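Data from target_13.txt: compact mmCIF, C-alpha atoms
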# COMPACT_ATOMS: atom_id res chain seq x y z
CA MET A 1 -112.70 -196.24 -58.75
CA VAL A 2 -111.97 -195.17 -62.25
CA LEU A 3 -114.53 -194.48 -64.94
CA SER A 4 -114.02 -196.87 -67.82
CA ALA A 5 -114.68 -195.87 -71.42
CA ALA A 6 -117.94 -197.80 -71.25
CA ASP A 7 -118.92 -195.93 -68.08
CA LYS A 8 -118.31 -192.59 -69.75
CA THR A 9 -120.37 -193.59 -72.77
CA ASN A 10 -123.21 -194.74 -70.53
CA VAL A 11 -123.19 -191.53 -68.53
CA LYS A 12 -123.11 -189.36 -71.64
CA ASN A 13 -126.05 -191.31 -73.06
CA VAL A 14 -128.06 -190.81 -69.90
CA PHE A 15 -127.50 -187.08 -69.93
CA ALA A 16 -128.21 -186.89 -73.66
CA LYS A 17 -131.54 -188.54 -72.92
CA ILE A 18 -132.23 -186.15 -70.05
CA GLY A 19 -131.40 -183.23 -72.32
CA GLY A 20 -133.13 -179.96 -71.48
CA GLN A 21 -135.00 -181.44 -68.55
CA ALA A 22 -131.89 -181.57 -66.41
CA ASP A 23 -133.11 -178.64 -64.31
CA GLU A 24 -136.28 -180.52 -63.40
CA TYR A 25 -134.26 -183.59 -62.52
CA GLY A 26 -132.12 -181.47 -60.22
CA ALA A 27 -135.10 -179.98 -58.42
CA ASP A 28 -136.79 -183.36 -58.14
CA ALA A 29 -133.63 -184.91 -56.69
CA LEU A 30 -133.36 -182.17 -54.08
CA GLU A 31 -137.02 -182.46 -53.12
CA ARG A 32 -136.65 -186.20 -52.66
CA MET A 33 -133.48 -185.74 -50.65
CA PHE A 34 -135.14 -183.28 -48.27
CA ALA A 35 -138.10 -185.61 -47.86
CA THR A 36 -136.17 -188.84 -47.45
CA TYR A 37 -133.17 -187.51 -45.55
CA PRO A 38 -134.52 -184.61 -43.45
CA GLN A 39 -131.15 -183.95 -41.87
CA THR A 40 -130.02 -182.53 -45.22
CA LYS A 41 -132.42 -179.67 -44.71
CA THR A 42 -130.10 -178.25 -42.08
CA TYR A 43 -127.84 -176.95 -44.84
CA PHE A 44 -130.67 -174.76 -46.14
CA PRO A 45 -132.03 -172.79 -43.19
CA HIS A 46 -132.38 -169.83 -45.52
CA PHE A 47 -134.59 -171.66 -48.03
CA ASP A 48 -138.31 -172.16 -48.34
CA LEU A 49 -138.37 -175.95 -48.59
CA ALA A 50 -142.09 -176.39 -49.23
CA LYS A 51 -143.17 -178.41 -52.26
CA GLY A 52 -142.70 -176.48 -55.48
CA SER A 53 -140.52 -173.86 -53.83
CA ALA A 54 -138.89 -171.50 -56.29
CA GLN A 55 -135.68 -171.62 -54.31
CA VAL A 56 -135.46 -175.41 -54.54
CA LYS A 57 -136.18 -175.21 -58.26
CA GLY A 58 -133.46 -172.61 -58.66
CA HIS A 59 -131.01 -174.66 -56.69
CA GLY A 60 -131.93 -177.77 -58.64
CA LYS A 61 -130.98 -175.86 -61.78
CA LYS A 62 -127.56 -175.09 -60.33
CA VAL A 63 -126.93 -178.68 -59.29
CA ALA A 64 -128.07 -180.01 -62.67
CA GLY A 65 -125.93 -177.45 -64.46
CA ALA A 66 -122.88 -178.59 -62.54
CA LEU A 67 -123.57 -182.23 -63.35
CA VAL A 68 -124.00 -181.45 -67.06
CA GLU A 69 -120.72 -179.52 -66.98
CA ALA A 70 -119.07 -182.48 -65.31
CA VAL A 71 -120.37 -184.85 -67.98
CA ASN A 72 -119.08 -182.53 -70.70
CA HIS A 73 -115.65 -182.72 -69.12
CA ILE A 74 -115.84 -186.28 -67.94
CA ASP A 75 -112.17 -186.86 -68.68
CA ASP A 76 -111.16 -184.14 -66.28
CA LEU A 77 -113.66 -183.92 -63.47
CA ALA A 78 -111.16 -182.38 -61.10
CA GLY A 79 -110.48 -179.55 -63.52
CA ALA A 80 -114.10 -178.96 -64.46
CA LEU A 81 -115.33 -178.90 -60.88
CA SER A 82 -112.34 -177.13 -59.38
CA LYS A 83 -114.23 -173.97 -58.38
CA LEU A 84 -117.10 -175.95 -56.91
CA SER A 85 -114.56 -178.06 -55.10
CA ASP A 86 -113.10 -174.91 -53.52
CA LEU A 87 -116.57 -173.66 -52.64
CA HIS A 88 -117.47 -176.86 -50.86
CA ALA A 89 -114.14 -177.04 -49.05
CA GLN A 90 -113.88 -173.46 -47.89
CA LYS A 91 -117.44 -172.27 -47.57
CA LEU A 92 -120.19 -174.87 -47.71
CA ARG A 93 -118.46 -177.70 -45.88
CA VAL A 94 -121.23 -180.16 -46.61
CA ASP A 95 -120.49 -183.41 -44.78
CA PRO A 96 -119.34 -185.86 -47.48
CA VAL A 97 -121.92 -188.43 -46.48
CA ASN A 98 -124.59 -186.17 -47.96
CA PHE A 99 -123.21 -186.39 -51.46
CA LYS A 100 -124.06 -190.06 -51.49
CA LEU A 101 -127.60 -189.22 -50.45
CA LEU A 102 -128.09 -186.66 -53.20
CA GLY A 103 -126.50 -189.06 -55.68
CA GLN A 104 -128.97 -191.76 -54.66
CA CYS A 105 -131.89 -189.41 -55.10
CA PHE A 106 -130.68 -188.32 -58.51
CA LEU A 107 -130.41 -191.95 -59.53
CA VAL A 108 -133.96 -192.57 -58.37
CA VAL A 109 -135.20 -189.58 -60.37
CA VAL A 110 -133.53 -190.88 -63.51
CA ALA A 111 -135.14 -194.26 -62.85
CA THR A 112 -138.64 -192.89 -62.33
CA ARG A 113 -138.50 -190.87 -65.54
CA ASN A 114 -136.66 -193.36 -67.76
CA PRO A 115 -137.62 -196.88 -66.72
CA ALA A 116 -135.85 -198.66 -69.52
CA LEU A 117 -132.70 -196.57 -69.43
CA LEU A 118 -131.20 -197.80 -66.19
CA THR A 119 -130.02 -201.26 -67.07
CA PRO A 120 -127.72 -202.73 -64.39
CA GLU A 121 -124.69 -201.62 -66.40
CA VAL A 122 -125.92 -198.07 -66.91
CA HIS A 123 -127.00 -197.90 -63.28
CA ALA A 124 -123.53 -198.88 -62.15
CA SER A 125 -121.88 -196.36 -64.49
CA LEU A 126 -124.09 -193.52 -63.34
CA ASP A 127 -123.51 -194.42 -59.70
CA LYS A 128 -119.75 -194.47 -60.23
CA PHE A 129 -119.93 -191.09 -61.95
CA LEU A 130 -121.94 -189.53 -59.12
CA CYS A 131 -119.48 -190.98 -56.59
CA ALA A 132 -116.60 -189.54 -58.57
CA VAL A 133 -118.25 -186.11 -58.54
CA GLY A 134 -118.70 -186.37 -54.79
CA THR A 135 -115.07 -187.32 -54.37
CA VAL A 136 -113.92 -184.29 -56.36
CA LEU A 137 -116.16 -181.95 -54.38
CA THR A 138 -114.69 -183.15 -51.11
CA ALA A 139 -111.11 -183.48 -52.34
CA LYS A 140 -109.94 -180.19 -50.86
CA TYR A 141 -111.64 -180.53 -47.46
CA ARG A 142 -108.31 -181.34 -45.91
CA MET B 1 -105.03 -184.64 -50.90
CA LEU B 2 -101.59 -185.16 -49.48
CA THR B 3 -99.67 -181.91 -49.23
CA ALA B 4 -95.89 -181.76 -49.33
CA GLU B 5 -95.97 -181.18 -45.59
CA ASP B 6 -98.14 -184.27 -45.05
CA LYS B 7 -95.70 -186.40 -46.99
CA LYS B 8 -92.75 -185.07 -45.02
CA LEU B 9 -94.47 -185.75 -41.70
CA ILE B 10 -95.35 -189.29 -42.73
CA GLN B 11 -91.84 -190.09 -43.85
CA GLN B 12 -90.40 -188.63 -40.67
CA MET B 13 -92.84 -190.54 -38.52
CA TRP B 14 -92.13 -193.83 -40.25
CA GLY B 15 -88.42 -193.13 -39.80
CA LYS B 16 -88.92 -192.72 -36.05
CA LEU B 17 -90.20 -196.27 -35.65
CA GLY B 18 -86.69 -197.70 -35.68
CA GLY B 19 -87.43 -201.25 -36.71
CA ALA B 20 -90.64 -201.58 -34.70
CA GLU B 21 -92.71 -201.53 -37.86
CA GLU B 22 -93.38 -205.25 -37.88
CA GLU B 23 -94.54 -205.28 -34.30
CA ILE B 24 -96.84 -202.43 -35.15
CA GLY B 25 -98.34 -204.38 -38.04
CA ALA B 26 -99.14 -207.36 -35.83
CA ASP B 27 -100.38 -205.07 -33.07
CA ALA B 28 -102.70 -203.21 -35.44
CA LEU B 29 -104.19 -206.48 -36.71
CA ASN B 30 -104.67 -207.81 -33.19
CA ARG B 31 -106.44 -204.66 -32.15
CA MET B 32 -108.63 -204.80 -35.23
CA PHE B 33 -109.67 -208.40 -34.55
CA HIS B 34 -110.55 -207.44 -31.00
CA ALA B 35 -112.29 -204.17 -31.61
CA TYR B 36 -114.02 -205.15 -34.84
CA PRO B 37 -114.71 -208.90 -34.58
CA PRO B 38 -116.44 -209.11 -38.00
CA THR B 39 -113.02 -208.52 -39.56
CA LYS B 40 -112.05 -211.99 -38.39
CA THR B 41 -114.32 -213.48 -41.00
CA TYR B 42 -111.71 -212.68 -43.65
CA PHE B 43 -109.25 -215.00 -41.90
CA PRO B 44 -111.00 -218.31 -41.32
CA HIS B 45 -107.73 -220.04 -42.17
CA PHE B 46 -105.71 -218.21 -39.50
CA ASP B 47 -104.91 -218.88 -35.88
CA LEU B 48 -106.09 -215.56 -34.48
CA SER B 49 -104.90 -215.91 -30.90
CA PRO B 50 -102.62 -213.04 -29.77
CA GLY B 51 -99.00 -213.70 -30.63
CA SER B 52 -100.00 -216.08 -33.40
CA ASP B 53 -97.28 -216.62 -35.97
CA GLN B 54 -99.77 -216.07 -38.72
CA ILE B 55 -100.76 -212.68 -37.38
CA ARG B 56 -97.11 -211.71 -37.06
CA GLY B 57 -96.50 -212.86 -40.59
CA HIS B 58 -99.47 -211.02 -41.93
CA GLY B 59 -98.61 -207.88 -39.98
CA LYS B 60 -95.21 -207.99 -41.67
CA LYS B 61 -96.84 -208.09 -45.10
CA VAL B 62 -99.14 -205.19 -44.32
CA VAL B 63 -96.28 -203.08 -43.03
CA ALA B 64 -94.07 -203.91 -46.01
CA ALA B 65 -96.86 -202.70 -48.30
CA LEU B 66 -97.21 -199.49 -46.31
CA THR B 67 -93.46 -198.93 -46.45
CA THR B 68 -93.61 -199.26 -50.24
CA ALA B 69 -96.55 -196.88 -50.33
CA ILE B 70 -94.68 -194.32 -48.22
CA LYS B 71 -91.74 -194.49 -50.58
CA ASN B 72 -94.05 -193.84 -53.52
CA MET B 73 -96.54 -191.35 -52.20
CA ASP B 74 -96.52 -189.44 -55.48
CA ASN B 75 -97.75 -192.46 -57.33
CA LEU B 76 -99.72 -194.69 -55.00
CA SER B 77 -101.86 -196.06 -57.78
CA GLN B 78 -98.93 -197.51 -59.61
CA ALA B 79 -96.96 -198.58 -56.54
CA LEU B 80 -99.90 -200.52 -55.13
CA SER B 81 -101.25 -201.72 -58.46
CA GLU B 82 -100.75 -205.42 -57.76
CA LEU B 83 -102.27 -205.19 -54.30
CA SER B 84 -105.10 -203.27 -55.85
CA ASN B 85 -105.71 -206.14 -58.28
CA LEU B 86 -105.47 -208.66 -55.47
CA HIS B 87 -108.09 -206.88 -53.40
CA ALA B 88 -110.39 -206.34 -56.37
CA TYR B 89 -110.36 -209.78 -57.93
CA ASN B 90 -109.31 -212.05 -55.12
CA LEU B 91 -109.71 -210.80 -51.57
CA ARG B 92 -112.69 -208.49 -52.05
CA VAL B 93 -112.40 -207.03 -48.57
CA ASP B 94 -115.34 -204.68 -48.01
CA PRO B 95 -113.82 -201.20 -48.10
CA VAL B 96 -115.36 -200.28 -44.77
CA ASN B 97 -112.77 -202.53 -43.17
CA PHE B 98 -109.89 -200.42 -44.46
CA LYS B 99 -111.06 -197.66 -42.13
CA PHE B 100 -111.00 -200.09 -39.21
CA LEU B 101 -107.45 -201.18 -39.91
CA SER B 102 -106.39 -197.58 -40.39
CA GLN B 103 -107.90 -196.66 -37.02
CA CYS B 104 -106.14 -199.52 -35.28
CA LEU B 105 -102.85 -198.76 -36.95
CA GLN B 106 -103.11 -195.19 -35.76
CA VAL B 107 -103.80 -196.27 -32.20
CA SER B 108 -100.79 -198.54 -32.42
CA LEU B 109 -98.60 -195.73 -33.72
CA ALA B 110 -99.94 -193.34 -31.12
CA THR B 111 -99.15 -195.67 -28.22
CA ARG B 112 -95.59 -195.90 -29.43
CA LEU B 113 -94.98 -192.33 -30.49
CA GLY B 114 -96.83 -190.54 -27.69
CA LYS B 115 -96.53 -186.78 -28.11
CA ASP B 116 -94.70 -187.28 -31.39
CA TYR B 117 -98.03 -188.39 -32.81
CA SER B 118 -99.04 -184.77 -32.93
CA PRO B 119 -102.34 -183.54 -34.40
CA GLU B 120 -100.50 -182.70 -37.63
CA VAL B 121 -98.95 -186.14 -37.92
CA HIS B 122 -102.27 -187.73 -36.99
CA SER B 123 -104.07 -185.84 -39.73
CA ALA B 124 -101.39 -186.65 -42.30
CA VAL B 125 -101.45 -190.36 -41.46
CA ASP B 126 -105.23 -190.47 -41.61
CA LYS B 127 -105.21 -188.81 -45.03
CA PHE B 128 -102.50 -191.18 -46.20
CA MET B 129 -104.35 -194.28 -45.04
CA SER B 130 -107.51 -193.01 -46.75
CA ALA B 131 -105.55 -192.60 -49.95
CA VAL B 132 -104.13 -196.13 -49.64
CA ALA B 133 -107.61 -197.52 -49.03
CA SER B 134 -108.91 -195.70 -52.10
CA VAL B 135 -106.24 -197.24 -54.25
CA LEU B 136 -106.89 -200.73 -52.88
CA ALA B 137 -110.60 -200.40 -53.67
CA GLU B 138 -110.02 -198.66 -56.99
CA LYS B 139 -110.63 -201.65 -59.22
CA TYR B 140 -113.57 -203.13 -57.33
CA ARG B 141 -115.87 -201.77 -59.98
Any chance you could give the structure as C-alpha cells?
Amino acid sequence: MVLSAADKTNVKNVFAKIGGQADEYGADALERMFATYPQTKTYFPHFDLAKGSAQVKGHGKKVAGALVEAVNHIDDLAGALSKLSDLHAQKLRVDPVNFKLLGQCFLVVVATRNPALLTPEVHASLDKFLCAVGTVLTAKYR
Amino acid sequence: MLTAEDKKLIQQMWGKLGGAEEEIGADALNRMFHAYPPTKTYFPHFDLSPGSDQIRGHGKKVVAALTTAIKNMDNLSQALSELSNLHAYNLRVDPVNFKFLSQCLQVSLATRLGKDYSPEVHSAVDKFMSAVASVLAEKYR
C-alpha cells in the first residue's frame, strides 16, 4: 500500500483543518480506544484512565504531535518516525493489532468533529496513512 | 525487515530443497484447501482433489514466483510488480489468505527439512512471506 499524490494531499488537508486542535483529537482518540477496546488499557497500568485524566490528555498530545510530524514528512515516514519506531520495537512492544484500533478511533474522532470532511476518498486516504504509520512503527519488531 | 542474515538463510534453505520445490508448492496448496476450506472459493474452476493436475500446475506457478522473489529479495516490489497488478486488479484475493498459504508452505517446508528448519530459518521465512504478501497486496488501494 503506497500513498498516492492524491492521498497525501487529502491527508495534509485533513490535518490543516484540524490545525491546533490536534492535541484534543489525540486525547479523544485515546479515550475512545480505552472505552471501546478495553484490552488496550493493559499498556497503561501506570496511568489514571478516568475521563478527563491529565495523563491521557498529555499522552494524546504526544500521539497527535507524532502524527503531525508524520504528515509534515509524508514522503519519508520511515525517516520521520525512526526514533518512535525504535521505541516501539525495543521498549513498548505494543502488539501491532492495536495500531489499527487506535487508527480507527482517530478516524472516528475526525468524523465526529468534521462531518463533511470525510468523503469516501478522504476517508480512504486517511485510513491508508494511519495504516502506513502503524507499519512503520512495527517495522523493526523483528 | 529482512536482515542480511535472513536473506542468507532463505537462500540456503531454498537451495537445500534439491528440486522438490514443485512438490512443495502443490503440497502447500493442498494443505491450505484442507485446513482453510474458504480458500477453495477462489478456485471454483479447479479440480481440487489431492493429486489434481491443476493443483500441481498451480503449485508450480506459486513456487516459480517465490523462486523469483528469493532471487530479488532486495527489490521485491519490482520483481513481483506484475503479480502485484494481477492480484490487485484481477484476482483480488483477500490478504488474510496470504497468511494461510504462508503457514501451509512453512509446514510443508518443515516436514521436509526437519531440524534444518531451525527457529532462525523459520523466522526468516515467515518475515519473507510477510514481505511477499505485502507486495502482492500493495496496489489493492
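Nearest to Cys131 of chain A of all the residues A:Gly52, A:Pro115, A:Pro45, A:Gly103 is A:Gly103, based on only C-alpha atoms.
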Pick from B:Met32, B:Leu136, B:Ile70, B:Ala65 nearest to chain A, counting all atoms listed in the file:
B:Leu136
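Atom CA of Arg142 of chain A sits 27.1 Å away from atom CA of Leu29 of chain B.
Take the candidates B:Leu91, B:Glu22, B:Ala35, B:Met1 and check each one against chain A using all atoms listed in the file; the shortest distance goes to B:Met1.
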Exercise answer, chain A residues close to chain B, 9 Å and all atoms listed in the file, as a PyMOL selection string:
chain A and resi 1-3+124+128+139-142
Within 9 Å of Lys99 of chain B, counting all atoms listed in the file, which residues qualify if same-chain residues fewer than 6 places away don't, as a VMD selection string?
chain B and resid 129 to 130 133
Write out as an MDAnalysis selection string which residues come within 9 Å of segment 16-28 of chain A when counting all atoms listed in the file, dropping same-chain ones fewer than 4 positions away.
chainID A and resid 11:12 32:33 52 56:65 67:68 105:106 109:110 113:114 117
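Distance check against Pro38 of chain B using only C-alpha atoms: of B:Gln103, B:Ser52, B:Asn97, B:Ser77, the minimum falls on B:Asn97.
For the pair atom CA of Asn75 of chain B and atom CA of Lys8 of chain B, the separation is 15.2 Å.
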